[in-house]
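A.B. asks: This is the content of upload-v3.cif (mmCIF, C-alpha atoms):
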```cif
data_final
#
loop_
_atom_site.label_atom_id
_atom_site.label_comp_id
_atom_site.auth_asym_id
_atom_site.auth_seq_id
_atom_site.Cartn_x
_atom_site.Cartn_y
_atom_site.Cartn_z
CA MET A 33 0.00 0.00 0.00
CA ARG A 34 2.81 2.39 0.85
CA ARG A 35 4.44 1.63 -2.50
CA VAL A 36 1.23 2.61 -4.30
CA TRP A 37 1.20 5.99 -2.58
CA ALA A 38 4.89 6.52 -3.19
CA LEU A 39 4.59 5.76 -6.90
CA ALA A 40 1.55 7.98 -7.37
CA ALA A 41 3.07 10.81 -5.33
CA ARG A 42 6.34 10.64 -7.26
CA ASP A 43 4.56 10.73 -10.62
CA LEU A 44 2.35 13.60 -9.53
CA LYS A 45 5.35 15.56 -8.29
CA LEU A 46 7.17 15.01 -11.57
CA GLU A 47 4.09 15.92 -13.58
CA LEU A 48 3.43 19.11 -11.63
CA ARG A 49 7.09 20.08 -11.88
CA GLY A 50 7.34 19.36 -15.59
CA ARG A 51 3.90 20.68 -16.42
CA ALA A 52 4.24 19.74 -20.10
CA GLY A 53 1.47 17.12 -20.02
CA LEU A 54 -0.88 19.15 -17.86
CA LEU A 55 -0.43 22.27 -19.94
CA ALA A 56 -1.11 20.33 -23.11
CA ALA A 57 -4.25 18.83 -21.58
CA PHE A 58 -5.55 22.21 -20.40
CA PHE A 59 -4.79 23.85 -23.70
CA PHE A 60 -6.57 21.03 -25.52
CA ILE A 61 -9.62 21.28 -23.25
CA GLY A 62 -9.71 25.02 -23.68
CA VAL A 63 -9.73 24.69 -27.44
CA VAL A 64 -12.41 21.98 -27.43
CA VAL A 65 -14.71 23.90 -25.09
CA PHE A 66 -14.18 27.14 -26.96
CA ILE A 67 -14.83 25.66 -30.41
CA LEU A 68 -17.90 23.74 -29.26
CA GLY A 69 -19.23 26.80 -27.49
CA PHE A 70 -18.71 28.80 -30.65
CA ALA A 71 -20.35 26.13 -32.81
CA LEU A 72 -23.38 25.55 -30.56
CA GLY A 73 -24.00 29.07 -29.26
CA PRO A 74 -25.15 31.61 -28.59
CA ASN A 75 -28.62 30.43 -27.56
CA GLN A 76 -28.46 30.00 -23.77
CA ALA A 77 -30.92 27.12 -23.49
CA GLU A 78 -29.18 25.13 -26.22
CA LEU A 79 -25.79 25.72 -24.67
CA ARG A 80 -27.05 24.51 -21.32
CA ARG A 81 -28.37 21.34 -22.90
CA ALA A 82 -25.03 20.66 -24.61
CA GLY A 83 -22.93 21.52 -21.55
CA PRO A 84 -22.77 18.09 -19.86
CA GLY A 85 -21.77 16.43 -23.14
CA VAL A 86 -19.08 19.01 -23.77
CA TRP A 87 -17.70 18.60 -20.25
CA TRP A 88 -17.29 14.84 -20.62
CA VAL A 89 -16.10 14.86 -24.22
CA ALA A 90 -13.37 17.35 -23.38
CA LEU A 91 -12.45 15.34 -20.30
CA ALA A 92 -12.40 12.03 -22.19
CA PHE A 93 -10.08 13.34 -24.89
CA ALA A 94 -7.79 15.06 -22.42
CA GLY A 95 -7.82 11.94 -20.26
CA SER A 96 -6.20 9.87 -22.96
CA LEU A 97 -3.44 12.48 -23.24
CA LEU A 98 -2.90 12.29 -19.50
CA ALA A 99 -3.04 8.49 -19.45
CA SER A 100 -0.10 8.19 -21.80
CA ARG A 101 1.74 10.67 -19.54
CA ALA A 102 1.38 8.15 -16.72
CA TRP A 103 3.75 5.79 -18.51
CA ALA A 104 5.68 8.07 -20.85
CA LEU A 105 8.09 9.19 -18.14
CA GLU A 106 8.99 5.60 -17.27
CA VAL A 107 9.88 4.92 -20.88
CA GLU A 108 11.72 8.19 -21.44
CA ASN A 109 13.91 7.61 -18.39
CA ASP A 110 14.18 3.86 -18.96
CA THR A 111 12.82 3.11 -15.52
CA LEU A 112 9.95 0.79 -16.48
CA ASP A 113 12.15 -2.28 -16.18
CA ASP A 114 13.34 -1.23 -12.72
CA LEU A 115 9.74 -0.85 -11.71
CA LEU A 116 8.85 -4.29 -13.02
CA LEU A 117 11.86 -5.87 -11.33
CA THR A 118 10.77 -4.90 -7.85
CA PRO A 119 9.97 -8.04 -5.88
CA GLY A 120 6.42 -9.16 -5.22
CA SER A 121 3.23 -8.96 -7.24
CA ARG A 122 2.82 -6.27 -9.85
CA GLU A 123 -0.68 -5.11 -9.09
CA TRP A 124 0.59 -2.24 -7.01
CA ILE A 125 2.16 -0.68 -10.12
CA TYR A 126 -1.28 -0.55 -11.70
CA TRP A 127 -2.80 0.95 -8.56
CA GLY A 128 -0.06 3.56 -8.32
CA LYS A 129 -0.49 4.63 -11.91
CA PHE A 130 -4.25 4.56 -11.55
CA LEU A 131 -4.08 6.81 -8.52
CA PHE A 132 -1.87 9.22 -10.44
CA LEU A 133 -4.25 9.45 -13.38
CA TRP A 134 -7.27 9.57 -11.08
CA ALA A 135 -5.86 12.53 -9.15
CA LEU A 136 -5.11 14.35 -12.40
CA MET A 137 -8.59 13.58 -13.76
CA MET A 138 -10.22 14.98 -10.62
CA GLY A 139 -8.15 18.18 -10.81
CA VAL A 140 -8.54 18.65 -14.54
CA GLY A 141 -12.21 17.66 -14.37
CA GLY A 142 -12.92 20.24 -11.70
CA VAL A 143 -11.25 23.02 -13.66
CA THR A 144 -13.02 21.92 -16.84
CA LEU A 145 -16.34 21.98 -15.01
CA LEU A 146 -15.74 25.60 -14.03
CA LEU A 147 -14.83 26.46 -17.61
CA VAL A 148 -17.84 24.68 -19.08
CA ALA A 149 -20.14 26.12 -16.42
CA GLY A 150 -18.93 29.57 -17.37
CA MET A 151 -19.28 29.21 -21.12
CA PHE A 152 -22.33 26.93 -21.25
CA PHE A 153 -24.40 28.47 -18.44
CA LEU A 154 -24.44 25.35 -16.27
CA PRO A 155 -25.84 26.06 -12.80
CA LEU A 156 -23.32 25.13 -10.11
CA THR A 157 -25.86 25.21 -7.30
CA ARG A 158 -25.75 21.41 -7.07
CA ALA A 159 -21.98 21.23 -7.05
CA PRO A 160 -21.74 18.25 -4.64
CA GLU A 161 -23.80 16.11 -7.02
CA LEU A 162 -21.70 17.21 -9.98
CA LEU A 163 -18.54 16.37 -8.08
CA LEU A 164 -19.89 12.95 -7.18
CA THR A 165 -20.57 12.35 -10.88
CA LEU A 166 -17.03 13.44 -11.67
CA LEU A 167 -15.72 11.10 -8.99
CA LEU A 168 -17.63 8.08 -10.31
CA GLY A 169 -17.09 8.80 -14.00
CA GLY A 170 -13.44 9.73 -13.60
CA THR A 171 -12.73 6.54 -11.67
CA GLY A 172 -14.09 4.29 -14.42
CA TYR A 173 -12.32 6.26 -17.10
CA ALA A 174 -8.97 6.22 -15.32
CA ALA A 175 -9.25 2.48 -14.60
CA ILE A 176 -9.48 1.63 -18.29
CA ALA A 177 -7.24 4.36 -19.70
CA VAL A 178 -4.28 3.68 -17.44
CA PHE A 179 -4.47 -0.03 -18.14
CA TYR A 180 -4.36 0.35 -21.90
CA ALA A 181 -1.79 3.11 -21.76
CA GLY A 182 0.49 0.70 -19.89
CA LEU A 183 -0.22 -2.03 -22.39
CA VAL A 184 0.71 -0.04 -25.48
CA VAL A 185 3.44 2.16 -24.01
CA ARG A 186 6.25 0.33 -25.78
CA LEU A 187 4.58 0.30 -29.17
CA ARG A 188 5.45 2.72 -31.90
CA ALA A 189 1.82 3.35 -32.82
CA ARG A 190 0.76 3.93 -29.20
CA ASP A 191 -0.68 7.40 -29.71
CA VAL A 192 -2.97 6.13 -32.45
CA LEU A 193 -3.89 2.91 -30.71
CA LEU A 194 -4.66 4.26 -27.25
CA PRO A 195 -7.83 6.23 -28.08
CA LEU A 196 -8.93 3.45 -30.40
CA LEU A 197 -8.78 0.89 -27.60
CA VAL A 198 -9.89 3.09 -24.75
CA PHE A 199 -12.91 4.85 -26.23
CA PRO A 200 -15.09 1.84 -27.04
CA LEU A 201 -14.61 0.58 -23.50
CA VAL A 202 -15.21 3.89 -21.76
CA VAL A 203 -18.26 4.85 -23.81
CA PRO A 204 -20.61 3.24 -21.26
CA VAL A 205 -18.91 5.25 -18.52
CA VAL A 206 -19.07 8.49 -20.47
CA LEU A 207 -22.71 7.85 -21.40
CA GLY A 208 -23.63 7.23 -17.78
CA ALA A 209 -21.70 10.28 -16.63
CA VAL A 210 -23.32 12.52 -19.24
CA LYS A 211 -26.80 11.27 -18.31
CA ALA A 212 -26.14 11.80 -14.60
CA THR A 213 -24.76 15.30 -15.23
CA LEU A 214 -27.75 16.17 -17.44
CA GLY A 215 -30.07 14.96 -14.69
CA VAL A 216 -28.32 17.04 -12.04
CA VAL A 217 -28.21 20.16 -14.22
CA ASN A 218 -31.84 19.90 -15.31
CA GLY A 219 -32.97 19.29 -11.77
CA ALA A 220 -34.26 15.78 -12.45
CA GLU A 221 -35.54 13.63 -9.64
CA MET A 222 -32.99 12.13 -7.32
CA ALA A 223 -34.05 8.55 -8.15
CA GLU A 224 -33.26 9.02 -11.84
CA VAL A 225 -29.83 10.48 -11.20
CA ALA A 226 -29.12 7.81 -8.60
CA PHE A 227 -29.79 5.13 -11.21
CA TRP A 228 -26.93 6.44 -13.33
CA TRP A 229 -24.69 6.79 -10.31
CA ARG A 230 -25.34 3.18 -9.40
CA LEU A 231 -24.58 2.09 -12.95
CA LEU A 232 -21.33 4.11 -12.88
CA GLY A 233 -20.45 2.58 -9.54
CA VAL A 234 -20.93 -0.91 -10.94
CA PHE A 235 -18.74 -0.06 -13.94
CA ASP A 236 -16.05 1.32 -11.65
CA VAL A 237 -15.95 -1.82 -9.54
CA VAL A 238 -16.00 -4.16 -12.56
CA TYR A 239 -13.34 -2.27 -14.50
CA LEU A 240 -11.04 -1.73 -11.55
CA THR A 241 -11.23 -5.37 -10.50
CA ALA A 242 -10.76 -6.74 -14.02
CA CYS A 243 -7.91 -4.38 -14.87
CA SER A 244 -5.96 -4.82 -11.66
CA LEU A 245 -6.29 -8.61 -11.89
CA LEU A 246 -5.26 -8.67 -15.54
CA PHE A 247 -2.44 -6.19 -15.26
CA PRO A 248 0.30 -8.46 -13.81
CA TRP A 249 -0.39 -10.97 -16.59
CA VAL A 250 0.01 -8.65 -19.51
CA ILE A 251 2.64 -6.10 -18.55
CA GLU A 252 5.90 -6.96 -20.23
CA GLY A 253 9.34 -6.69 -18.75
CA MET B 228 -7.63 -28.74 -31.41
CA ASN B 229 -4.96 -27.61 -33.84
CA ARG B 230 -3.01 -30.81 -33.74
CA VAL B 231 -5.20 -31.89 -36.62
CA ALA B 232 -3.69 -29.12 -38.69
CA SER B 233 -0.22 -30.46 -39.17
CA ASP B 234 -0.40 -32.35 -42.45
CA ARG B 235 -3.80 -33.85 -43.00
CA GLY B 236 -5.64 -30.64 -43.69
CA LEU B 237 -9.18 -30.52 -42.36
CA ASP B 238 -10.27 -33.16 -39.89
CA ARG B 239 -13.56 -35.03 -40.09
CA LEU B 240 -15.26 -33.24 -37.23
CA THR B 241 -14.72 -29.83 -38.81
CA LEU B 242 -15.99 -31.03 -42.17
CA GLY B 243 -18.96 -32.71 -40.50
CA LEU B 244 -19.81 -29.54 -38.60
CA LEU B 245 -19.59 -27.47 -41.78
CA VAL B 246 -21.90 -29.82 -43.65
CA ALA B 247 -24.32 -30.05 -40.72
CA GLY B 248 -24.28 -26.29 -40.27
CA PHE B 249 -25.16 -25.52 -43.86
CA GLY B 250 -27.72 -28.36 -43.90
CA VAL B 251 -29.53 -27.09 -40.81
CA LEU B 252 -29.34 -23.56 -42.18
CA ALA B 253 -31.20 -24.73 -45.29
CA VAL B 254 -33.90 -26.32 -43.11
CA GLY B 255 -33.99 -23.18 -41.01
CA LEU B 256 -34.52 -21.01 -44.06
CA TYR B 257 -37.41 -23.24 -45.11
CA TYR B 258 -39.02 -22.89 -41.68
CA ALA B 259 -38.35 -19.16 -41.67
CA LEU B 260 -40.11 -18.71 -45.01
CA ALA B 261 -42.96 -21.04 -44.01
CA ALA B 262 -43.59 -19.37 -40.64
CA PRO B 263 -46.69 -17.18 -40.40
CA PRO B 264 -46.31 -13.41 -40.81
CA ASP B 265 -46.28 -11.33 -37.67
CA VAL B 266 -49.39 -9.47 -36.47
CA THR B 267 -47.75 -6.08 -36.51
CA GLN B 268 -44.66 -6.55 -38.68
CA GLY B 269 -46.05 -8.83 -41.43
CA TYR B 270 -43.49 -10.65 -43.54
CA LEU B 271 -40.76 -8.33 -42.37
CA VAL B 272 -40.50 -10.46 -39.23
CA ARG B 273 -38.50 -13.01 -41.25
CA ILE B 274 -35.38 -10.94 -40.96
CA MET B 275 -35.53 -11.72 -37.25
CA TYR B 276 -34.74 -15.40 -37.83
CA LEU B 277 -31.31 -14.43 -39.12
CA HIS B 278 -30.88 -11.37 -36.97
CA VAL B 279 -31.40 -13.04 -33.59
CA GLY B 280 -29.22 -16.04 -34.47
CA ALA B 281 -26.42 -13.82 -35.71
CA ALA B 282 -26.59 -11.60 -32.64
CA TRP B 283 -26.54 -14.54 -30.27
CA THR B 284 -23.62 -16.13 -32.13
CA ALA B 285 -21.69 -12.88 -31.97
CA TYR B 286 -22.19 -12.72 -28.20
CA LEU B 287 -21.19 -16.37 -27.89
CA ALA B 288 -18.10 -15.81 -30.03
CA PHE B 289 -16.93 -12.94 -27.83
CA PHE B 290 -17.41 -15.02 -24.70
CA VAL B 291 -15.50 -17.92 -26.23
CA ALA B 292 -12.75 -15.50 -27.25
CA MET B 293 -12.57 -14.44 -23.62
CA GLY B 294 -12.47 -18.05 -22.46
CA TYR B 295 -9.55 -18.86 -24.73
CA ALA B 296 -7.84 -15.62 -23.70
CA VAL B 297 -8.03 -16.70 -20.05
CA ALA B 298 -6.75 -20.14 -21.06
CA TYR B 299 -3.85 -18.51 -22.87
CA LEU B 300 -2.84 -16.37 -19.91
CA TRP B 301 -3.05 -19.46 -17.74
CA LYS B 302 -1.24 -22.01 -19.89
CA GLN B 303 0.75 -19.80 -22.26
CA GLU B 304 0.07 -22.10 -25.21
CA ASP B 305 -0.05 -20.45 -28.63
CA ARG B 306 -3.04 -22.36 -29.87
CA TYR B 307 -5.28 -20.75 -27.26
CA ASP B 308 -4.26 -17.36 -28.57
CA ARG B 309 -5.02 -18.42 -32.14
CA LEU B 310 -8.44 -19.74 -31.19
CA SER B 311 -9.21 -16.62 -29.18
CA ALA B 312 -8.41 -14.47 -32.21
CA ALA B 313 -10.40 -16.78 -34.48
CA SER B 314 -13.44 -16.53 -32.23
CA ALA B 315 -13.15 -12.76 -31.98
CA GLU B 316 -12.95 -12.58 -35.77
CA LEU B 317 -16.13 -14.62 -36.11
CA GLY B 318 -17.71 -12.38 -33.51
CA VAL B 319 -16.89 -9.32 -35.62
CA ILE B 320 -18.38 -10.94 -38.71
CA PHE B 321 -21.56 -11.99 -36.93
CA THR B 322 -21.86 -8.55 -35.33
CA ALA B 323 -21.58 -7.01 -38.79
CA LEU B 324 -24.28 -9.39 -39.99
CA THR B 325 -26.45 -8.43 -37.02
CA LEU B 326 -26.01 -4.73 -37.68
CA LEU B 327 -26.66 -5.16 -41.39
CA SER B 328 -29.80 -7.28 -40.99
CA GLY B 329 -31.00 -4.92 -38.27
CA MET B 330 -30.56 -1.94 -40.58
CA LEU B 331 -32.47 -3.65 -43.39
CA TRP B 332 -35.26 -4.28 -40.90
CA GLY B 333 -35.08 -0.83 -39.36
CA ARG B 334 -35.54 1.05 -42.62
CA PRO B 335 -39.10 -0.16 -43.32
CA THR B 336 -40.04 -0.37 -39.63
CA TRP B 337 -38.61 2.76 -38.06
CA GLY B 338 -38.15 4.63 -41.33
CA VAL B 339 -34.39 4.96 -40.89
CA TYR B 340 -31.42 2.64 -41.37
CA TRP B 341 -29.74 3.85 -38.25
CA THR B 342 -30.79 5.58 -35.09
CA TRP B 343 -28.80 6.43 -31.97
CA GLU B 344 -30.68 4.14 -29.74
CA PRO B 345 -29.08 2.20 -26.85
CA ARG B 346 -29.15 -1.31 -28.34
CA LEU B 347 -27.80 -0.14 -31.67
CA THR B 348 -25.25 2.11 -30.05
CA THR B 349 -23.94 -0.54 -27.69
CA THR B 350 -23.73 -3.05 -30.53
CA ALA B 351 -21.83 -0.56 -32.66
CA ILE B 352 -19.48 0.03 -29.73
CA LEU B 353 -18.94 -3.71 -29.46
CA PHE B 354 -18.15 -3.84 -33.17
CA VAL B 355 -15.70 -0.94 -33.01
CA PHE B 356 -14.01 -2.37 -29.95
CA TYR B 357 -13.22 -5.68 -31.64
CA ILE B 358 -11.97 -3.85 -34.72
CA GLY B 359 -9.61 -2.10 -32.32
CA TYR B 360 -8.67 -5.54 -31.02
CA PHE B 361 -7.43 -6.56 -34.46
CA LEU B 362 -5.61 -3.26 -34.94
CA LEU B 363 -3.85 -3.97 -31.64
CA ARG B 364 -2.85 -7.41 -32.90
CA GLN B 365 -1.53 -5.86 -36.10
CA ALA B 366 0.50 -3.27 -34.25
CA ILE B 367 2.49 -5.71 -32.13
CA GLU B 368 5.19 -7.77 -33.77
CA ASP B 369 6.48 -9.80 -30.87
CA PRO B 370 4.17 -12.86 -30.89
CA GLU B 371 4.21 -13.42 -27.14
CA PHE B 372 3.43 -9.83 -26.28
CA ARG B 373 0.82 -9.73 -29.04
CA ALA B 374 -0.93 -12.73 -27.52
CA LYS B 375 -0.88 -11.24 -24.03
CA ALA B 376 -2.14 -7.82 -25.08
CA ALA B 377 -4.84 -9.38 -27.24
CA ALA B 378 -5.90 -11.62 -24.37
CA ALA B 379 -6.30 -8.59 -22.12
CA ALA B 380 -8.39 -6.82 -24.75
CA ALA B 381 -10.55 -9.90 -25.34
CA ILE B 382 -11.25 -10.21 -21.61
CA LEU B 383 -12.10 -6.54 -21.07
CA GLY B 384 -14.11 -6.26 -24.27
CA VAL B 385 -16.57 -8.90 -23.19
CA ILE B 386 -17.86 -6.53 -20.50
CA ASN B 387 -19.68 -4.77 -23.34
CA VAL B 388 -21.70 -7.87 -24.19
CA PRO B 389 -24.02 -7.97 -21.14
CA ILE B 390 -24.36 -4.20 -21.39
CA SER B 391 -25.54 -4.59 -24.96
CA TYR B 392 -27.85 -7.45 -24.04
CA MET B 393 -29.46 -5.61 -21.14
CA SER B 394 -29.58 -2.21 -22.85
CA VAL B 395 -33.15 -2.69 -24.15
CA ARG B 396 -34.33 -3.16 -20.59
CA TRP B 397 -32.15 -0.60 -18.80
CA TRP B 398 -32.82 2.24 -21.18
CA ARG B 399 -36.37 1.24 -22.21
CA SER B 400 -35.37 1.67 -25.80
CA LEU B 401 -36.95 1.64 -29.25
CA HIS B 402 -35.53 -1.81 -30.00
CA GLN B 403 -37.74 -4.85 -29.30
CA THR B 404 -37.12 -6.43 -25.92
CA GLN B 405 -35.85 -9.98 -25.84
CA SER B 406 -38.35 -12.54 -27.23
CA ILE B 407 -36.60 -15.22 -25.23
CA ASP B 408 -35.54 -13.66 -22.00
CA LEU B 409 -32.44 -15.37 -20.68
CA THR B 410 -32.74 -13.80 -17.25
CA THR B 411 -36.28 -15.04 -16.53
CA GLY B 412 -36.69 -17.81 -19.13
CA ARG B 413 -39.92 -16.32 -20.46
CA VAL B 414 -40.78 -16.87 -24.12
CA SER B 415 -43.13 -14.48 -25.86
CA MET B 416 -43.83 -15.67 -29.39
CA ASP B 417 -45.91 -18.02 -31.56
CA GLU B 418 -44.93 -21.69 -31.71
CA ALA B 419 -44.24 -21.86 -35.47
CA MET B 420 -42.09 -18.78 -35.17
CA LEU B 421 -40.27 -20.21 -32.19
CA VAL B 422 -39.45 -23.40 -34.12
CA ALA B 423 -38.13 -21.41 -37.08
CA LEU B 424 -36.10 -19.25 -34.74
CA LEU B 425 -34.63 -22.18 -32.86
CA VAL B 426 -33.68 -24.13 -36.02
CA ASN B 427 -31.87 -21.08 -37.41
CA PHE B 428 -30.35 -20.59 -34.03
CA ALA B 429 -28.98 -24.14 -34.10
CA ALA B 430 -27.67 -23.60 -37.64
CA PHE B 431 -25.76 -20.50 -36.62
CA ASN B 432 -24.25 -22.25 -33.62
CA LEU B 433 -23.16 -25.22 -35.71
CA LEU B 434 -21.66 -22.92 -38.33
CA TYR B 435 -19.90 -20.97 -35.62
CA LEU B 436 -18.29 -24.13 -34.25
CA ALA B 437 -17.33 -25.27 -37.75
CA PHE B 438 -15.81 -21.90 -38.70
CA LEU B 439 -13.98 -21.70 -35.39
CA ARG B 440 -12.31 -25.07 -35.98
CA PHE B 441 -11.68 -24.18 -39.60
CA LYS B 442 -10.09 -20.87 -38.71
CA GLY B 443 -8.07 -22.57 -35.97
CA VAL B 444 -6.63 -24.96 -38.55
CA VAL B 445 -5.86 -22.14 -40.97
CA SER B 446 -4.13 -19.96 -38.42
CA ALA B 447 -2.12 -22.91 -37.12
CA LEU B 448 -0.86 -23.42 -40.67
CA GLU B 449 -0.10 -19.71 -40.93
CA ALA B 450 1.86 -19.82 -37.69
CA GLN B 451 3.83 -22.81 -38.98
CA ARG B 452 4.72 -20.97 -42.14
CA GLU B 453 5.71 -17.87 -40.21
CA GLU B 454 8.05 -20.02 -38.16
CA LEU B 455 9.60 -21.54 -41.28
CA ASP B 456 10.01 -18.15 -42.93
CA GLY B 457 11.44 -16.53 -39.82
#
```
Could you write out this file's structure as structure tokens?
C.D. replies:
Amino acid sequence: MRRVWALAARDLKLELRGRAGLLAAFFFIGVVVFILGFALGPNQAELRRAGPGVWWVALAFAGSLLASRAWALEVENDTLDDLLLTPGSREWIYWGKFLFLWALMMGVGGVTLLLVAGMFFLPLTRAPELLLTLLLGGTGYAAIAVFYAGLVVRLRARDVLLPLLVFPLVVPVVLGAVKATLGVVNGAEMAEVAFWWRLLGVFDVVYLTACSLLFPWVIEG
Amino acid sequence: MNRVASDRGLDRLTLGLLVAGFGVLAVGLYYALAAPPDVTQGYLVRIMYLHVGAAWTAYLAFFVAMGYAVAYLWKQEDRYDRLSAASAELGVIFTALTLLSGMLWGRPTWGVYWTWEPRLTTTAILFVFYIGYFLLRQAIEDPEFRAKAAAAAAILGVINVPISYMSVRWWRSLHQTQSIDLTTGRVSMDEAMLVALLVNFAAFNLLYLAFLRFKGVVSALEAQREELDG
């Protein structure tokens, strides 16, 4: 458990110090939100309807950028083998990387929410519910993305392959997250929103379990 | 299963399954064309006899691909990887058939070939995912790593299958709900139709088994040649 924290904390420290990946992600999100706002506006009601979708689309695209960051540093510095050579089971590597991506997703997701709320007139009065949606959606997304990013990190075509592999699997998560966000924003009944949260929760558990169990089998030294 | 491949070509069981599959398919087509028209859909209902069988076979193929993927990770034998890929390939083909027959049915029924409706969307996602699976296989040259990565994808991809199956219920969608509900065992259709459906169903399953063995033999030969060339 301590190793998981150490790995995630080290990666986060490096990422925050280097900033290259985070800056790229924020810049990308900014462009996506701006262009979509421009394309869908300026009618307020329409923008509000599109807002949840824009939030999650921007986050999903940026997430795959961040996911490859989780492993890129290990390859650049040739430290992946050292990591794999540490004694004991390898699941903790997955958990460490997952925690890293998850923390980034939460941070980036929060900032993106503010940006989208500003440009797409989303009411932030139910912020706790929105944050819960981000928590559940981001967890499922990170579970899948970090797994595949680790799988393809040594391949030449990784940047093309990663979205191709990740998106079909995360679509259920993104769909659920968008529906939950729409419900929260439109003031739908709690039971309806809770249905999507439950579904997201189930996805999170299934994906996290499957990925962490599979990871030691497929990661290559 | 691939031991048969070495020099004798196709084994008897594979040939037998192929013949039986096509034979039962012919009978199934007869039943499908002889079955009464539906109350609401008329003769259009006949697409269903192919559509349901193809969809079921695609689901089955993806589950079998997962089974062989688990077997590969466990035993590390190449033939499991080959069979997993073969099953996934059949799954893609049957999913394509499902989508195509569904579109032909959807045009006269719903007025459009395609609509963004949960069942259709989740099936399309399934289709795209397994295309990605083959792109992943193409991208990796090292055979051992290719097999491992593909196994992981085959295992994770199967999560989409129950989602697709349950989508008509969860999202209360435009698509018909299941005529034969696997979760409760309830059947809601006429007897003549059920017979036609089940015979076609059997035909598709037989053909699936036959093609799986056939493809296993072919890819074993391919692997042998690769070894000789390399």
A.B. asks: Suppose a student applies the PyMOL selection byres ((chain B) within 6 of (chain A)) to this structure; what residues should they get, written as a count of residues only?
C.D. replies: 4
A.B. asks: Can you work out the spacing between atom CA of A:Trp228 and atom CA of A:Ala99 in Å, to one decimal?
C.D. replies: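 Separation of atom CA of A:Trp228 and atom CA of A:Ala99: 24.7 Å.
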A.B. asks: Give me, please, the distance in Å between atom CA of B:Leu448 and atom CA of B:Glu316, quoted to one decimal.
C.D. replies: 17.0 Å
A.B. asks: Calculate how many Å separate atom CA of A:Val210 from atom CA of A:Gly182, rounding to one decimal.
C.D. replies: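 Going from atom CA of A:Val210 over to atom CA of A:Gly182, I get 26.6 Å.
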A.B. asks: Evaluating the PyMOL selection byres ((chain B and resi 326) around 12) on the displayed file yields which residues, as a PyMOL selection string?
C.D. replies: chain B and resi 274-275+277-279+281-282+285+319-325+327-333+340-342+346-355
A.B. asks: Fix up stretch 177-188 of chain A with N, CA and C atoms, then write it as a PDB file, in the frame of the given file.
C.D. replies:
```
ATOM      1  N   ALA A 177      -8.242   3.625 -18.927  1.00  0.00           N
ATOM      2  CA  ALA A 177      -7.240   4.360 -19.700  1.00  0.00           C
ATOM      3  C   ALA A 177      -5.831   4.003 -19.243  1.00  0.00           C
ATOM      4  N   VAL A 178      -5.635   3.919 -17.936  1.00  0.00           N
ATOM      5  CA  VAL A 178      -4.280   3.680 -17.440  1.00  0.00           C
ATOM      6  C   VAL A 178      -3.840   2.250 -17.771  1.00  0.00           C
ATOM      7  N   PHE A 179      -4.790   1.359 -17.785  1.00  0.00           N
ATOM      8  CA  PHE A 179      -4.470  -0.030 -18.140  1.00  0.00           C
ATOM      9  C   PHE A 179      -3.980  -0.134 -19.582  1.00  0.00           C
ATOM     10  N   TYR A 180      -4.745   0.443 -20.497  1.00  0.00           N
ATOM     11  CA  TYR A 180      -4.360   0.350 -21.900  1.00  0.00           C
ATOM     12  C   TYR A 180      -3.116   1.170 -22.210  1.00  0.00           C
ATOM     13  N   ALA A 181      -2.980   2.308 -21.530  1.00  0.00           N
ATOM     14  CA  ALA A 181      -1.790   3.110 -21.760  1.00  0.00           C
ATOM     15  C   ALA A 181      -0.542   2.304 -21.378  1.00  0.00           C
ATOM     16  N   GLY A 182      -0.629   1.539 -20.287  1.00  0.00           N
ATOM     17  CA  GLY A 182       0.490   0.700 -19.890  1.00  0.00           C
ATOM     18  C   GLY A 182       0.748  -0.416 -20.875  1.00  0.00           C
ATOM     19  N   LEU A 183      -0.348  -0.920 -21.449  1.00  0.00           N
ATOM     20  CA  LEU A 183      -0.220  -2.030 -22.390  1.00  0.00           C
ATOM     21  C   LEU A 183       0.495  -1.612 -23.665  1.00  0.00           C
ATOM     22  N   VAL A 184       0.186  -0.428 -24.165  1.00  0.00           N
ATOM     23  CA  VAL A 184       0.710  -0.040 -25.480  1.00  0.00           C
ATOM     24  C   VAL A 184       1.930   0.864 -25.387  1.00  0.00           C
ATOM     25  N   VAL A 185       2.422   1.109 -24.156  1.00  0.00           N
ATOM     26  CA  VAL A 185       3.440   2.160 -24.010  1.00  0.00           C
ATOM     27  C   VAL A 185       4.717   1.878 -24.816  1.00  0.00           C
ATOM     28  N   ARG A 186       5.011   0.612 -25.046  1.00  0.00           N
ATOM     29  CA  ARG A 186       6.250   0.330 -25.780  1.00  0.00           C
ATOM     30  C   ARG A 186       6.050   0.255 -27.289  1.00  0.00           C
ATOM     31  N   LEU A 187       4.821   0.429 -27.730  1.00  0.00           N
ATOM     32  CA  LEU A 187       4.580   0.300 -29.170  1.00  0.00           C
ATOM     33  C   LEU A 187       4.803   1.620 -29.885  1.00  0.00           C
ATOM     34  N   ARG A 188       5.206   1.503 -31.131  1.00  0.00           N
ATOM     35  CA  ARG A 188       5.450   2.720 -31.900  1.00  0.00           C
ATOM     36  C   ARG A 188       4.147   3.472 -32.158  1.00  0.00           C
TER      37      ARG A 188
END
```
